[in-house]
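Structure, as structure tokens:
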Amino acid sequence: MSAPPLSLEPKAARRSGLPSRMQFPAAMAVLLAAVAVSLAFGGQPSTFSDLWHALVTPDSSAMDVTIRELRWPRTLNGLVAGACLGLAGALTQGHTRNPIAEPGLLGINQGAALAIVAVTALSGPPLPFVEALLAFTGALVTCSLVFALGSAARVGATPVTLVLSGAAVSFLAGGLVSGIVLLNEAALDTLRFWQVGSLVAREGVLDSVWPFVLAGAVLAAANIAPLNALALGEDNAVSLGVSVRRSRALGIAGVTLLAGSAVTLAGPIAFAGLLVPHAARAVAGADYRRLIPLSAVLGSALVLFADTAGRLIARPGELSVGVVIAVVGAPLFIHLARRRRLVRL
Amino acid sequence: MSTAFSPDAAATRTATAAGRPGAPAEAPPDAPPEAPPGVSLSARGLSLGYDGRTVVRDLDLEVPNARITSIIGPNGCGKSTLLKGLGRILPPIAGEVLLDGRAMTKWPSREIARRLSMLPQTPQAPSGLTVADLVSRGRHPRQKWYQQFSATDESAVGSALEATDLADLAACLLEDLSGGQRQRAWISMTIAQETGILLLDEPTTYLDLAHQLEVLELVQRLNRADGRTVVMVLHDISLAARYSDHIVAMKDGGIVAQGTPADVVTAELLEEVFGLRANVIADPLTGRPHVLPIGVA
């Protein structure tokens with residue numbers, strides 16, 4: 001950390017170049033574009049004018065039905081799941097002050113999936129509402145496990161020990177998921193869903209999950225002020241009047257609800273929670289008052305773009321959204337982890 | 001920005017302070033203002049430690065109101081631990097810290113944060129944080145989570161930046177600043193917190209001498225201007241003597257001596273507390289004790 005001599009006046013910070021009042025509207029515009037392409041393009045060749053027709057003058061043509069009954073629920077699903085993933089990622093990175101942490105890499109998503117898959121194998125498919133509760137339980141248990149493992153060292157959880165223990169737990173949970181699903185009449189689609197995730201909307205899930213999503217979003221908002229204080233270190237946060245234990249509880253509750261909801265909606269999608277907060281930080285700097293809302297919007301946009309890309313690349317089949325995001329996310333992860341000085345959060 | 005210390009300026013200031021009408025005759029030339037009825041801070045039978053290891057044992061301390069107090073002592077004597085205890089970052093094993101006569105543990109944390117701010121040693125800020133961002137975080141205890149940044153917050157941040165000469169650098173990233181500027185930015189955050197008591201844990205660590213003076217001059221201005229009570233841990237005994245009204249010397253988790261710099265910083269005490277043989281002379285500029293080490297006792 002070489003300090004410049006006093007005579008050299010440091011330059012004012014340059015970020016994205018976007019003035020702060022334009023950042024959120026710009027992100028919303030990106031999201032709107034993501035929704036539009038997600039509705040307009042898919043396995044069936046179609047155009048924006050087909051989308052216009054389906055939205056404005058719908059009849060019972062095959063394309064109208066495809067758009068209104070297949071693509072619309074799928075898009076809505078991605079919109080909500082993406083926002084959850086973005087928020088959960090921002091909360092996880094903020095609370096761990098770890099730039100390479102996210103629910104996917106920490107195994108929290110896999111833990112949520114494991115809970116659902118295990119109970120399904122034992123007693124048949126549960127109601128979507130119960131499924132969500134199972135996801136929260138799984139997320140909470142893995143979350144505690146990973147943090148206990150990662151901070152077992154005397155120095156506490158460093159960015160790398162935390163992610164390593166997360167990887168271990170993630171592999172374990174993922175392995176168990178495969179094992180259980182394969183034992184039970186090897187349904188490839190089910191396995192694919194609970195291993196890499198998909199936005200194909202499952203009947204009735206969004207209807208029962210949205211209250212939890214809402215609660216998670218409120219918790220994320222309540223985390224903004226404590227996160228801004230905690231970003232200065234725990235001692236400073238205490239000095240600023242923040243109760244560290246209560247804030248952590250608030251954070252874990254938020255991550256549990258958001259990651260669990262995302263998994264119930266779309267399976268365990270990894271890397272979205274990593275990519276999105278970094279993108280938001282590049283746009284808006286280190287202030288969680290801007291980072292949290294931006295992470296929600298950019299999360300939705302990323303998931304929708306990735307899903308649409310997956311549908312276009314492998315036409316007439318499709319590439320799972322989780323795979324597309326991993327293709328973008330893995331290199332970023334390697335880049336972040338290889339940096340000699342990690343980004344400080 | 002000319003923040004380097006100039007003896008001339010100090011001499012002038014000293015002279016004007018001494019010439020101030022109504023200044024008590026027996027007061028040192030740069031006497032602090034009369035103590036306003038501020039918030040009091042004290043420790044009673046305080047024991048502190050980590051993981052079952054007691055570092056500070058059964059300690060009593062009355063922090064003088066509206067004065068600068070420095071805690072000195074050898075490494076590991078418990079001075080930083082004591083400061084953390086006073087700032088309720090470390091809960092007591094036994095005894096209590098009293099803020100305004102009421103045990104710290106009985107106060108809501110946010111209410112404490114409106115009366116007392118504490119700057120830990122070498123704090124770390126996240127990347128991408130500007131000076132203004134950092135200083136505005138000092139407003140946390142005065143905001144509700146659903147509230148936007150108010151005009152009051154805005155003006156408090158503005159004056160905190162002014163007080164630390166950082167207004168021109170408000171939009172700069174913290175990581176681009178020099179060590180001294182960065183430390184001023186952190187102190188600026190605690191100013192924006194608008195507390196009557198300021199605790200600083202080794203605010204001059206890793207700074208060269210000019211930057212150390214820059215920070216200590218700022219601390220002195222804060223005390224003289226608003227009657228803030230300051231408690232800091234300092235390694236440099238001569239600087240502590242120069243900038244403090246009250247010195248607390250610690251050894252092995254207890255207080256060995258306390259009082260004015262002239263009373264505490266003596267050759268005998270240095271030998272007893274630090275195991276250091278030294279000549280103590282009067283600083284020709286300030287008359288305060290100045291330590292010239294001879295060797296290890």
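Labeling convention for the structure tokens: chains A, B, ... as they appear, residues from 1 per chain, ligands from 1 in order of appearance.
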Polymer residues at most 9 Å from A:Gly204, only C-alpha atoms, same-chain spacing of 4 or more positions, as an NGL selection string:
:A and (127-128 or 208-209)
Can you check which residues of chain B have any atom within 9 Å of chain A? Use only C-alpha atoms and format it as a CSV table (one decimal) with all heavy atoms, in the first residue's frame.
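The result, stored in iface16.csv:
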```csv
chain,number,residue,atom,x,y,z
B,1,MET,N,-2.0,21.3,0.1
B,1,MET,CA,-2.4,21.3,1.5
B,1,MET,C,-1.2,21.3,2.4
B,1,MET,O,-0.4,20.4,2.4
B,1,MET,CB,-3.2,20.1,1.8
B,1,MET,CG,-3.8,20.0,3.2
B,1,MET,SD,-4.7,18.5,3.3
B,1,MET,CE,-5.3,18.3,1.7
B,2,SER,N,-1.0,22.4,3.2
B,2,SER,CA,0.2,22.5,4.0
B,2,SER,C,-0.2,22.1,5.4
B,2,SER,O,-0.8,22.8,6.2
B,2,SER,CB,0.7,23.9,4.0
B,2,SER,OG,1.5,24.1,5.2
B,84,LYS,N,-10.5,-0.7,24.3
B,84,LYS,CA,-11.6,-1.4,23.7
B,84,LYS,C,-12.7,-1.6,24.8
B,84,LYS,O,-13.9,-1.6,24.5
B,84,LYS,CB,-11.1,-2.8,23.2
B,84,LYS,CG,-10.5,-2.7,21.9
B,84,LYS,CD,-10.2,-4.1,21.4
B,84,LYS,CE,-9.4,-4.1,20.1
B,84,LYS,NZ,-8.5,-5.2,19.9
B,87,GLY,N,-14.6,1.5,25.1
B,87,GLY,CA,-15.4,1.7,24.0
B,87,GLY,C,-16.5,0.6,23.8
B,87,GLY,O,-17.0,0.5,22.7
B,88,ARG,N,-16.7,-0.2,24.8
B,88,ARG,CA,-17.6,-1.3,24.8
B,88,ARG,C,-17.5,-2.3,23.6
B,88,ARG,O,-18.4,-3.1,23.3
B,88,ARG,CB,-19.1,-0.9,25.0
B,88,ARG,CG,-19.7,0.0,24.0
B,88,ARG,CD,-20.4,-0.6,22.8
B,88,ARG,NE,-21.2,0.3,22.0
B,88,ARG,CZ,-20.7,1.3,21.2
B,88,ARG,NH1,-19.4,1.5,21.1
B,88,ARG,NH2,-21.6,2.0,20.5
B,89,ILE,N,-16.3,-2.3,23.0
B,89,ILE,CA,-16.0,-3.3,22.0
B,89,ILE,C,-15.7,-4.6,22.6
B,89,ILE,O,-16.0,-5.7,22.1
B,89,ILE,CB,-14.9,-2.8,21.0
B,89,ILE,CG1,-15.5,-1.6,20.2
B,89,ILE,CG2,-14.4,-3.9,20.2
B,89,ILE,CD1,-14.6,-1.0,19.3
B,108,PRO,N,-28.5,1.1,25.4
B,108,PRO,CA,-28.6,0.6,24.0
B,108,PRO,C,-27.4,1.1,23.2
B,108,PRO,O,-26.9,2.2,23.4
B,108,PRO,CB,-29.9,1.3,23.5
B,108,PRO,CG,-30.5,2.0,24.6
B,108,PRO,CD,-29.5,2.2,25.7
B,109,SER,N,-26.9,0.1,22.4
B,109,SER,CA,-25.6,0.4,21.6
B,109,SER,C,-25.7,1.7,20.8
B,109,SER,O,-24.7,2.5,20.8
B,109,SER,CB,-25.3,-0.8,20.7
B,109,SER,OG,-24.1,-0.6,20.2
B,110,ARG,N,-26.9,1.9,20.2
B,110,ARG,CA,-27.0,3.1,19.4
B,110,ARG,C,-26.9,4.4,20.2
B,110,ARG,O,-26.4,5.4,19.8
B,110,ARG,CB,-28.4,3.0,18.7
B,110,ARG,CG,-28.6,4.1,17.7
B,110,ARG,CD,-29.9,3.9,17.0
B,110,ARG,NE,-29.9,2.8,16.0
B,110,ARG,CZ,-29.7,3.0,14.7
B,110,ARG,NH1,-29.7,4.2,14.2
B,110,ARG,NH2,-29.7,2.0,13.9
B,111,GLU,N,-27.4,4.4,21.4
B,111,GLU,CA,-27.4,5.5,22.3
B,111,GLU,C,-25.9,5.8,22.7
B,111,GLU,O,-25.5,6.9,22.8
B,111,GLU,CB,-28.2,5.3,23.6
B,111,GLU,CG,-29.7,5.4,23.3
B,111,GLU,CD,-30.2,6.7,22.6
B,111,GLU,OE1,-29.7,7.7,23.1
B,111,GLU,OE2,-30.9,6.7,21.7
B,112,ILE,N,-25.2,4.7,22.9
B,112,ILE,CA,-23.7,4.9,23.2
B,112,ILE,C,-23.1,5.6,22.0
B,112,ILE,O,-22.3,6.5,22.2
B,112,ILE,CB,-23.1,3.6,23.5
B,112,ILE,CG1,-23.7,2.9,24.8
B,112,ILE,CG2,-21.6,3.8,23.8
B,112,ILE,CD1,-23.2,1.5,25.0
B,113,ALA,N,-23.4,5.1,20.8
B,113,ALA,CA,-22.8,5.6,19.6
B,113,ALA,C,-23.1,7.0,19.3
B,113,ALA,O,-22.4,7.7,18.5
B,113,ALA,CB,-23.2,4.7,18.4
B,114,ARG,N,-24.1,7.6,20.0
B,114,ARG,CA,-24.3,9.0,19.9
B,114,ARG,C,-23.5,9.8,20.8
B,114,ARG,O,-23.5,11.1,20.8
B,114,ARG,CB,-25.8,9.3,20.1
B,114,ARG,CG,-26.7,8.7,19.0
B,114,ARG,CD,-28.1,9.0,19.2
B,114,ARG,NE,-29.0,8.3,18.2
B,114,ARG,CZ,-30.3,8.4,18.2
B,114,ARG,NH1,-30.9,9.1,19.1
B,114,ARG,NH2,-30.9,7.8,17.2
B,116,LEU,N,-20.3,8.4,22.2
B,116,LEU,CA,-18.9,8.0,22.3
B,116,LEU,C,-18.6,7.3,20.9
B,116,LEU,O,-19.3,6.5,20.4
B,116,LEU,CB,-18.8,7.0,23.4
B,116,LEU,CG,-17.4,6.2,23.6
B,116,LEU,CD1,-17.2,6.0,25.1
B,116,LEU,CD2,-17.4,4.9,22.9
B,117,SER,N,-17.5,7.8,20.3
B,117,SER,CA,-17.0,7.1,19.1
B,117,SER,C,-15.6,6.5,19.3
B,117,SER,O,-14.9,7.1,20.1
B,117,SER,CB,-17.0,8.0,17.9
B,117,SER,OG,-16.3,9.2,18.2
B,118,MET,N,-15.4,5.5,18.6
B,118,MET,CA,-14.1,4.8,18.8
B,118,MET,C,-13.5,4.5,17.5
B,118,MET,O,-14.1,3.9,16.6
B,118,MET,CB,-14.2,3.6,19.7
B,118,MET,CG,-13.1,2.6,19.5
B,118,MET,SD,-12.5,1.9,21.1
B,118,MET,CE,-11.0,1.1,20.5
B,119,LEU,N,-12.2,4.8,17.3
B,119,LEU,CA,-11.5,4.4,16.1
B,119,LEU,C,-10.5,3.3,16.4
B,119,LEU,O,-9.6,3.6,17.1
B,119,LEU,CB,-10.8,5.6,15.5
B,119,LEU,CG,-10.3,5.5,14.1
B,119,LEU,CD1,-11.4,5.1,13.1
B,119,LEU,CD2,-9.6,6.8,13.6
B,120,PRO,N,-10.7,2.1,15.9
B,120,PRO,CA,-9.8,1.0,16.2
B,120,PRO,C,-8.5,1.3,15.5
B,120,PRO,O,-8.3,2.1,14.6
B,120,PRO,CB,-10.5,-0.2,15.6
B,120,PRO,CG,-11.8,0.2,15.2
B,120,PRO,CD,-11.8,1.7,15.0
B,123,PRO,N,-7.8,0.7,10.9
B,123,PRO,CA,-9.1,0.2,10.4
B,123,PRO,C,-9.0,-0.1,8.9
B,123,PRO,O,-8.1,0.5,8.2
B,123,PRO,CB,-10.1,1.3,10.7
B,123,PRO,CG,-9.2,2.5,10.8
B,123,PRO,CD,-7.9,2.1,11.3
B,124,GLN,N,-9.8,-1.0,8.4
B,124,GLN,CA,-9.7,-1.4,7.0
B,124,GLN,C,-11.1,-1.0,6.3
B,124,GLN,O,-12.1,-1.4,6.8
B,124,GLN,CB,-9.5,-2.9,6.8
B,124,GLN,CG,-8.2,-3.4,7.3
B,124,GLN,CD,-7.1,-3.4,6.3
B,124,GLN,OE1,-7.3,-4.0,5.2
B,124,GLN,NE2,-6.1,-2.6,6.5
B,125,ALA,N,-10.9,-0.3,5.2
B,125,ALA,CA,-12.2,0.1,4.5
B,125,ALA,C,-12.3,-0.8,3.3
B,125,ALA,O,-11.3,-1.2,2.7
B,125,ALA,CB,-12.1,1.6,4.1
B,126,PRO,N,-13.5,-1.0,2.8
B,126,PRO,CA,-13.7,-1.7,1.5
B,126,PRO,C,-13.1,-0.9,0.4
B,126,PRO,O,-13.0,0.3,0.4
B,126,PRO,CB,-15.2,-1.9,1.4
B,126,PRO,CG,-15.8,-0.8,2.3
B,126,PRO,CD,-14.8,-0.6,3.4
B,127,SER,N,-12.8,-1.7,-0.7
B,127,SER,CA,-12.3,-1.0,-1.9
B,127,SER,C,-13.4,-0.2,-2.5
B,127,SER,O,-14.6,-0.5,-2.3
B,127,SER,CB,-11.9,-2.1,-3.0
B,127,SER,OG,-11.1,-3.1,-2.4
B,128,GLY,N,-13.1,0.9,-3.2
B,128,GLY,CA,-14.1,1.6,-3.9
B,128,GLY,C,-14.8,2.6,-3.0
B,128,GLY,O,-15.8,3.2,-3.5
B,129,LEU,N,-14.4,2.8,-1.8
B,129,LEU,CA,-15.1,3.7,-0.9
B,129,LEU,C,-14.4,5.1,-1.0
B,129,LEU,O,-13.2,5.3,-0.9
B,129,LEU,CB,-14.9,3.2,0.5
B,129,LEU,CG,-15.9,3.8,1.5
B,129,LEU,CD1,-17.3,3.2,1.2
B,129,LEU,CD2,-15.5,3.4,2.9
B,130,THR,N,-15.3,6.1,-1.2
B,130,THR,CA,-14.7,7.5,-1.3
B,130,THR,C,-14.7,8.1,0.2
B,130,THR,O,-15.3,7.5,1.1
B,130,THR,CB,-15.6,8.4,-2.1
B,130,THR,OG1,-16.9,8.6,-1.5
B,130,THR,CG2,-15.8,7.9,-3.5
B,133,ASP,N,-18.1,8.9,1.3
B,133,ASP,CA,-18.8,7.7,1.7
B,133,ASP,C,-18.5,7.3,3.1
B,133,ASP,O,-19.3,7.0,3.9
B,133,ASP,CB,-18.4,6.5,0.8
B,133,ASP,CG,-19.1,6.6,-0.6
B,133,ASP,OD1,-20.1,7.3,-0.8
B,133,ASP,OD2,-18.5,5.9,-1.5
B,134,LEU,N,-17.2,7.3,3.4
B,134,LEU,CA,-16.7,6.9,4.7
B,134,LEU,C,-17.2,7.8,5.8
B,134,LEU,O,-17.8,7.3,6.8
B,134,LEU,CB,-15.2,6.8,4.7
B,134,LEU,CG,-14.6,6.5,6.1
B,134,LEU,CD1,-14.8,5.0,6.4
B,134,LEU,CD2,-13.1,6.8,6.1
B,137,ARG,N,-20.8,7.4,6.8
B,137,ARG,CA,-21.1,6.3,7.6
B,137,ARG,C,-21.1,6.6,9.1
B,137,ARG,O,-21.6,5.9,9.9
B,137,ARG,CB,-20.2,5.1,7.3
B,137,ARG,CG,-20.6,4.6,5.9
B,137,ARG,CD,-20.0,3.3,5.5
B,137,ARG,NE,-20.4,3.2,4.1
B,137,ARG,CZ,-20.1,2.2,3.3
B,137,ARG,NH1,-19.3,1.2,3.8
B,137,ARG,NH2,-20.5,2.1,2.1
B,138,GLY,N,-20.4,7.7,9.5
B,138,GLY,CA,-20.4,8.1,10.9
B,138,GLY,C,-21.8,8.5,11.3
B,138,GLY,O,-22.1,8.6,12.5
B,139,ARG,N,-22.7,8.7,10.3
B,139,ARG,CA,-24.1,9.2,10.7
B,139,ARG,C,-24.9,8.0,11.1
B,139,ARG,O,-26.1,8.2,11.5
B,139,ARG,CB,-24.7,9.9,9.5
B,139,ARG,CG,-24.0,11.2,9.1
B,139,ARG,CD,-23.8,12.1,10.2
B,139,ARG,NE,-25.1,12.7,10.6
B,139,ARG,CZ,-25.3,13.3,11.8
B,139,ARG,NH1,-24.3,13.5,12.6
B,139,ARG,NH2,-26.5,13.8,12.1
B,140,HIS,N,-24.4,6.8,11.0
B,140,HIS,CA,-25.3,5.6,11.2
B,140,HIS,C,-26.1,5.7,12.5
B,140,HIS,O,-27.3,5.4,12.4
B,140,HIS,CB,-24.4,4.3,11.2
B,140,HIS,CG,-25.2,3.1,11.5
B,140,HIS,ND1,-25.8,2.3,10.5
B,140,HIS,CD2,-25.5,2.5,12.6
B,140,HIS,CE1,-26.4,1.3,11.1
B,140,HIS,NE2,-26.3,1.4,12.4
B,141,PRO,N,-25.5,6.0,13.6
B,141,PRO,CA,-26.3,5.9,14.9
B,141,PRO,C,-27.4,7.0,14.9
B,141,PRO,O,-28.3,6.9,15.8
B,141,PRO,CB,-25.3,6.1,16.0
B,141,PRO,CG,-24.1,6.7,15.3
B,141,PRO,CD,-24.1,6.2,13.9
B,143,GLN,N,-29.3,7.6,12.2
B,143,GLN,CA,-30.3,7.3,11.1
B,143,GLN,C,-31.1,6.1,11.4
B,143,GLN,O,-30.7,5.2,12.1
B,143,GLN,CB,-29.6,7.1,9.8
B,143,GLN,CG,-28.9,8.3,9.3
B,143,GLN,CD,-28.0,8.0,8.1
B,143,GLN,OE1,-27.2,7.0,8.2
B,143,GLN,NE2,-28.1,8.7,7.0
B,144,LYS,N,-32.3,6.1,10.9
B,144,LYS,CA,-33.1,4.9,11.0
B,144,LYS,C,-33.0,4.2,9.6
B,144,LYS,O,-32.7,4.8,8.6
B,144,LYS,CB,-34.6,5.2,11.1
B,144,LYS,CG,-34.9,5.8,12.5
B,144,LYS,CD,-35.1,4.7,13.5
B,144,LYS,CE,-35.3,5.3,14.9
B,144,LYS,NZ,-34.8,4.4,16.0
B,145,TRP,N,-33.1,2.8,9.6
B,145,TRP,CA,-32.8,2.1,8.4
B,145,TRP,C,-33.7,2.5,7.2
B,145,TRP,O,-33.3,2.4,6.1
B,145,TRP,CB,-32.8,0.6,8.6
B,145,TRP,CG,-34.2,0.0,8.9
B,145,TRP,CD1,-34.8,-0.1,10.1
B,145,TRP,CD2,-35.1,-0.5,8.0
B,145,TRP,NE1,-36.0,-0.6,10.0
B,145,TRP,CE2,-36.2,-0.9,8.7
B,145,TRP,CE3,-35.1,-0.8,6.6
B,145,TRP,CZ2,-37.3,-1.5,8.1
B,145,TRP,CZ3,-36.2,-1.3,6.0
B,145,TRP,CH2,-37.3,-1.7,6.8
B,146,TYR,N,-34.9,3.0,7.5
B,146,TYR,CA,-35.8,3.3,6.4
B,146,TYR,C,-35.6,4.8,6.0
B,146,TYR,O,-36.2,5.3,5.1
B,146,TYR,CB,-37.2,3.1,6.8
B,146,TYR,CG,-37.6,3.7,8.1
B,146,TYR,CD1,-38.0,5.0,8.3
B,146,TYR,CD2,-37.6,2.9,9.3
B,146,TYR,CE1,-38.3,5.5,9.5
B,146,TYR,CE2,-37.9,3.4,10.5
B,146,TYR,CZ,-38.2,4.7,10.6
B,146,TYR,OH,-38.5,5.3,11.8
B,169,LEU,N,-11.0,16.7,-1.0
B,169,LEU,CA,-10.7,15.3,-1.3
B,169,LEU,C,-11.9,14.4,-1.2
B,169,LEU,O,-11.8,13.2,-1.2
B,169,LEU,CB,-9.6,14.7,-0.5
B,169,LEU,CG,-8.2,15.5,-0.5
B,169,LEU,CD1,-7.2,14.8,0.4
B,169,LEU,CD2,-7.7,15.5,-2.0
B,170,ALA,N,-13.1,15.0,-0.9
B,170,ALA,CA,-14.3,14.2,-0.6
B,170,ALA,C,-14.6,13.2,-1.6
B,170,ALA,O,-15.1,12.1,-1.2
B,170,ALA,CB,-15.5,15.2,-0.4
B,171,ALA,N,-14.4,13.4,-2.9
B,171,ALA,CA,-14.8,12.5,-3.9
B,171,ALA,C,-13.7,11.5,-4.2
B,171,ALA,O,-13.9,10.7,-5.1
B,171,ALA,CB,-15.2,13.3,-5.2
B,172,CYS,N,-12.6,11.6,-3.5
B,172,CYS,CA,-11.5,10.7,-3.8
B,172,CYS,C,-11.7,9.3,-3.1
B,172,CYS,O,-12.3,9.2,-2.1
B,172,CYS,CB,-10.2,11.2,-3.4
B,172,CYS,SG,-9.8,12.8,-4.2
B,173,LEU,N,-11.1,8.3,-3.8
B,173,LEU,CA,-11.1,7.0,-3.1
B,173,LEU,C,-10.1,6.9,-2.0
B,173,LEU,O,-9.0,7.5,-2.0
B,173,LEU,CB,-10.7,5.9,-4.2
B,173,LEU,CG,-11.7,5.6,-5.3
B,173,LEU,CD1,-11.1,4.5,-6.2
B,173,LEU,CD2,-13.0,5.1,-4.7
B,175,GLU,N,-8.4,4.6,-0.9
B,175,GLU,CA,-7.1,3.9,-1.2
B,175,GLU,C,-6.1,4.7,-1.9
B,175,GLU,O,-4.9,4.4,-2.0
B,175,GLU,CB,-7.4,2.5,-1.9
B,175,GLU,CG,-8.1,2.7,-3.2
B,175,GLU,CD,-9.4,1.9,-3.2
B,175,GLU,OE1,-10.2,2.1,-2.2
B,175,GLU,OE2,-9.7,1.2,-4.2
B,176,ASP,N,-6.6,5.9,-2.5
B,176,ASP,CA,-5.6,6.7,-3.2
B,176,ASP,C,-5.0,7.8,-2.3
B,176,ASP,O,-4.1,8.5,-2.7
B,176,ASP,CB,-6.4,7.5,-4.3
B,176,ASP,CG,-6.8,6.5,-5.4
B,176,ASP,OD1,-6.2,5.4,-5.5
B,176,ASP,OD2,-7.7,6.9,-6.2
B,177,LEU,N,-5.4,7.8,-1.0
B,177,LEU,CA,-4.9,8.9,-0.1
B,177,LEU,C,-3.6,8.5,0.5
B,177,LEU,O,-3.2,7.3,0.5
B,177,LEU,CB,-5.9,9.2,1.0
B,177,LEU,CG,-7.3,9.6,0.6
B,177,LEU,CD1,-8.1,10.0,1.9
B,177,LEU,CD2,-7.3,10.7,-0.4
B,178,SER,N,-2.9,9.5,1.0
B,178,SER,CA,-1.7,9.2,1.8
B,178,SER,C,-2.1,8.7,3.1
B,178,SER,O,-3.2,8.8,3.5
B,178,SER,CB,-0.8,10.4,1.9
B,178,SER,OG,-1.4,11.3,2.9
B,179,GLY,N,-1.2,8.1,3.9
B,179,GLY,CA,-1.5,7.5,5.2
B,179,GLY,C,-2.1,8.5,6.1
B,179,GLY,O,-3.1,8.3,6.8
B,180,GLY,N,-1.5,9.7,6.1
B,180,GLY,CA,-2.0,10.8,7.0
B,180,GLY,C,-3.4,11.2,6.6
B,180,GLY,O,-4.2,11.4,7.5
B,181,GLN,N,-3.6,11.4,5.3
B,181,GLN,CA,-4.9,11.8,4.9
B,181,GLN,C,-6.0,10.7,5.2
B,181,GLN,O,-7.1,11.0,5.6
B,181,GLN,CB,-4.9,12.0,3.3
B,181,GLN,CG,-4.1,13.2,2.9
B,181,GLN,CD,-3.9,13.3,1.4
B,181,GLN,OE1,-3.8,12.2,0.8
B,181,GLN,NE2,-3.7,14.5,0.9
B,190,THR,N,-15.5,9.8,12.6
B,190,THR,CA,-15.9,9.8,14.1
B,190,THR,C,-16.5,11.2,14.4
B,190,THR,O,-17.3,11.3,15.3
B,190,THR,CB,-14.8,9.4,15.0
B,190,THR,OG1,-13.8,10.4,14.9
B,190,THR,CG2,-14.2,8.0,14.7
B,193,GLN,N,-20.0,11.6,13.6
B,193,GLN,CA,-20.8,10.9,14.6
B,193,GLN,C,-21.3,11.8,15.7
B,193,GLN,O,-22.2,11.5,16.4
B,193,GLN,CB,-20.0,9.7,15.2
B,193,GLN,CG,-20.8,8.5,15.6
B,193,GLN,CD,-19.9,7.3,16.0
B,193,GLN,OE1,-18.8,7.1,15.4
B,193,GLN,NE2,-20.3,6.6,17.0
```
Which of these residues is nearest to B:Asp252, using only C-alpha atoms: B:Leu218, B:Leu174, B:Val273, B:Ile191?
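Looking only at the distances to B:Asp252, the closest residue turns out to be B:Val273.
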Neighbour list for stretch 150-153 of chain B as a ChimeraX atom specification, cut-off 9 Å, only C-alpha atoms, skip fewer than 4 positions in-chain
/B:136,139,142-143,157-158,192
Dump C-alpha atoms for the selected residues as a compact mmCIF listing (two decimals), in the first residue's frame?
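As a result, again.txt now contains:
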```
# COMPACT_ATOMS: atom_id res chain seq x y z
CA SER B 136 -21.19 9.70 5.95
CA ARG B 139 -24.07 9.16 10.69
CA ARG B 142 -28.43 8.92 14.00
CA GLN B 143 -30.30 7.32 11.11
CA VAL B 157 -20.65 15.33 7.05
CA GLY B 158 -19.76 18.67 5.46
CA ALA B 192 -19.58 13.14 11.82
```
Each residue of stretch 122-211 of chain B lying at most 10 Å from stretch 71-81 of chain B should get a row with its shortest atom-to-atom pair and the distance in Å to one decimal, counting only C-alpha atoms; could you produce that, ordered by chain and increasing number, as JSON lines?
```
{"residue": "B:Leu200", "atom": "CA", "partner": "B:Ser80", "partner_atom": "CA", "distance": 9.4}
{"residue": "B:Asp201", "atom": "CA", "partner": "B:Ser80", "partner_atom": "CA", "distance": 6.4}
{"residue": "B:Glu202", "atom": "CA", "partner": "B:Ser80", "partner_atom": "CA", "distance": 8.2}
```
Output N, CA and C atoms for every residue in the selection just made, as a short mmCIF file (atom, residue, chain, number, x, y, z; two decimals), in the first residue's frame.
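Contents of selection.cif, freshly written:
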```cif
data_model
loop_
_atom_site.label_atom_id
_atom_site.label_comp_id
_atom_site.auth_asym_id
_atom_site.auth_seq_id
_atom_site.Cartn_x
_atom_site.Cartn_y
_atom_site.Cartn_z
N LEU B 200 -9.27 6.87 20.50
CA LEU B 200 -8.42 6.60 19.34
C LEU B 200 -7.34 5.59 19.73
N ASP B 201 -7.29 4.48 19.02
CA ASP B 201 -6.30 3.46 19.33
C ASP B 201 -5.10 3.63 18.40
N GLU B 202 -4.02 4.14 18.94
CA GLU B 202 -2.79 4.37 18.17
C GLU B 202 -3.07 5.03 16.82
#
```
Any idea what the distance is between atom CA of A:Val283 and atom CA of A:Val30?
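Spanning atom CA of A:Val283 to atom CA of A:Val30 is a straight-line distance of 13.1 Å.
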Counting only C-alpha atoms, what is within 8 Å of B:Gly295, bar same-chain residues fewer than 2 positions away, as a list in words?
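The filter keeps Leu276, Arg277, Ala278, Pro293 and Ala297 of chain B.
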Now that the selection is made, can you save its residues with N, CA and C atoms as a tab-separated table (two decimals), in the first residue's frame?
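File written: again34.tsv
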```tsv
chain	number	residue	atom	x	y	z
B	276	LEU	N	13.33	1.39	30.89
B	276	LEU	CA	14.12	2.23	29.99
B	276	LEU	C	14.86	3.27	30.82
B	277	ARG	N	16.20	3.36	30.61
B	277	ARG	CA	16.92	4.47	31.22
B	277	ARG	C	16.88	5.63	30.24
B	278	ALA	N	16.48	6.79	30.73
B	278	ALA	CA	16.33	7.92	29.81
B	278	ALA	C	16.53	9.23	30.55
B	293	PRO	N	16.21	8.72	25.22
B	293	PRO	CA	16.57	7.40	25.76
B	293	PRO	C	18.09	7.26	25.91
B	297	ALA	N	17.22	-0.57	30.68
B	297	ALA	CA	17.63	-0.69	32.08
B	297	ALA	C	18.02	-2.12	32.38
```
So which residues of stretch 58-206 of chain B fall under alpha helix (DSSP H) by DSSP, listed as an MDAnalysis selection string?
chainID B and resid 79:86 109:113 131:136 151:163 179:192
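Between atom CA of A:Ala83 and atom CA of A:Val213 the interatomic distance comes to 9.1 Å.
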Considering only C-alpha atoms, return as a count of residues only whatever protein or nucleic-acid residues lie within 9 Å of B:Gly101, sequence-local ones (same chain, fewer than 4 positions apart) excluded.
5
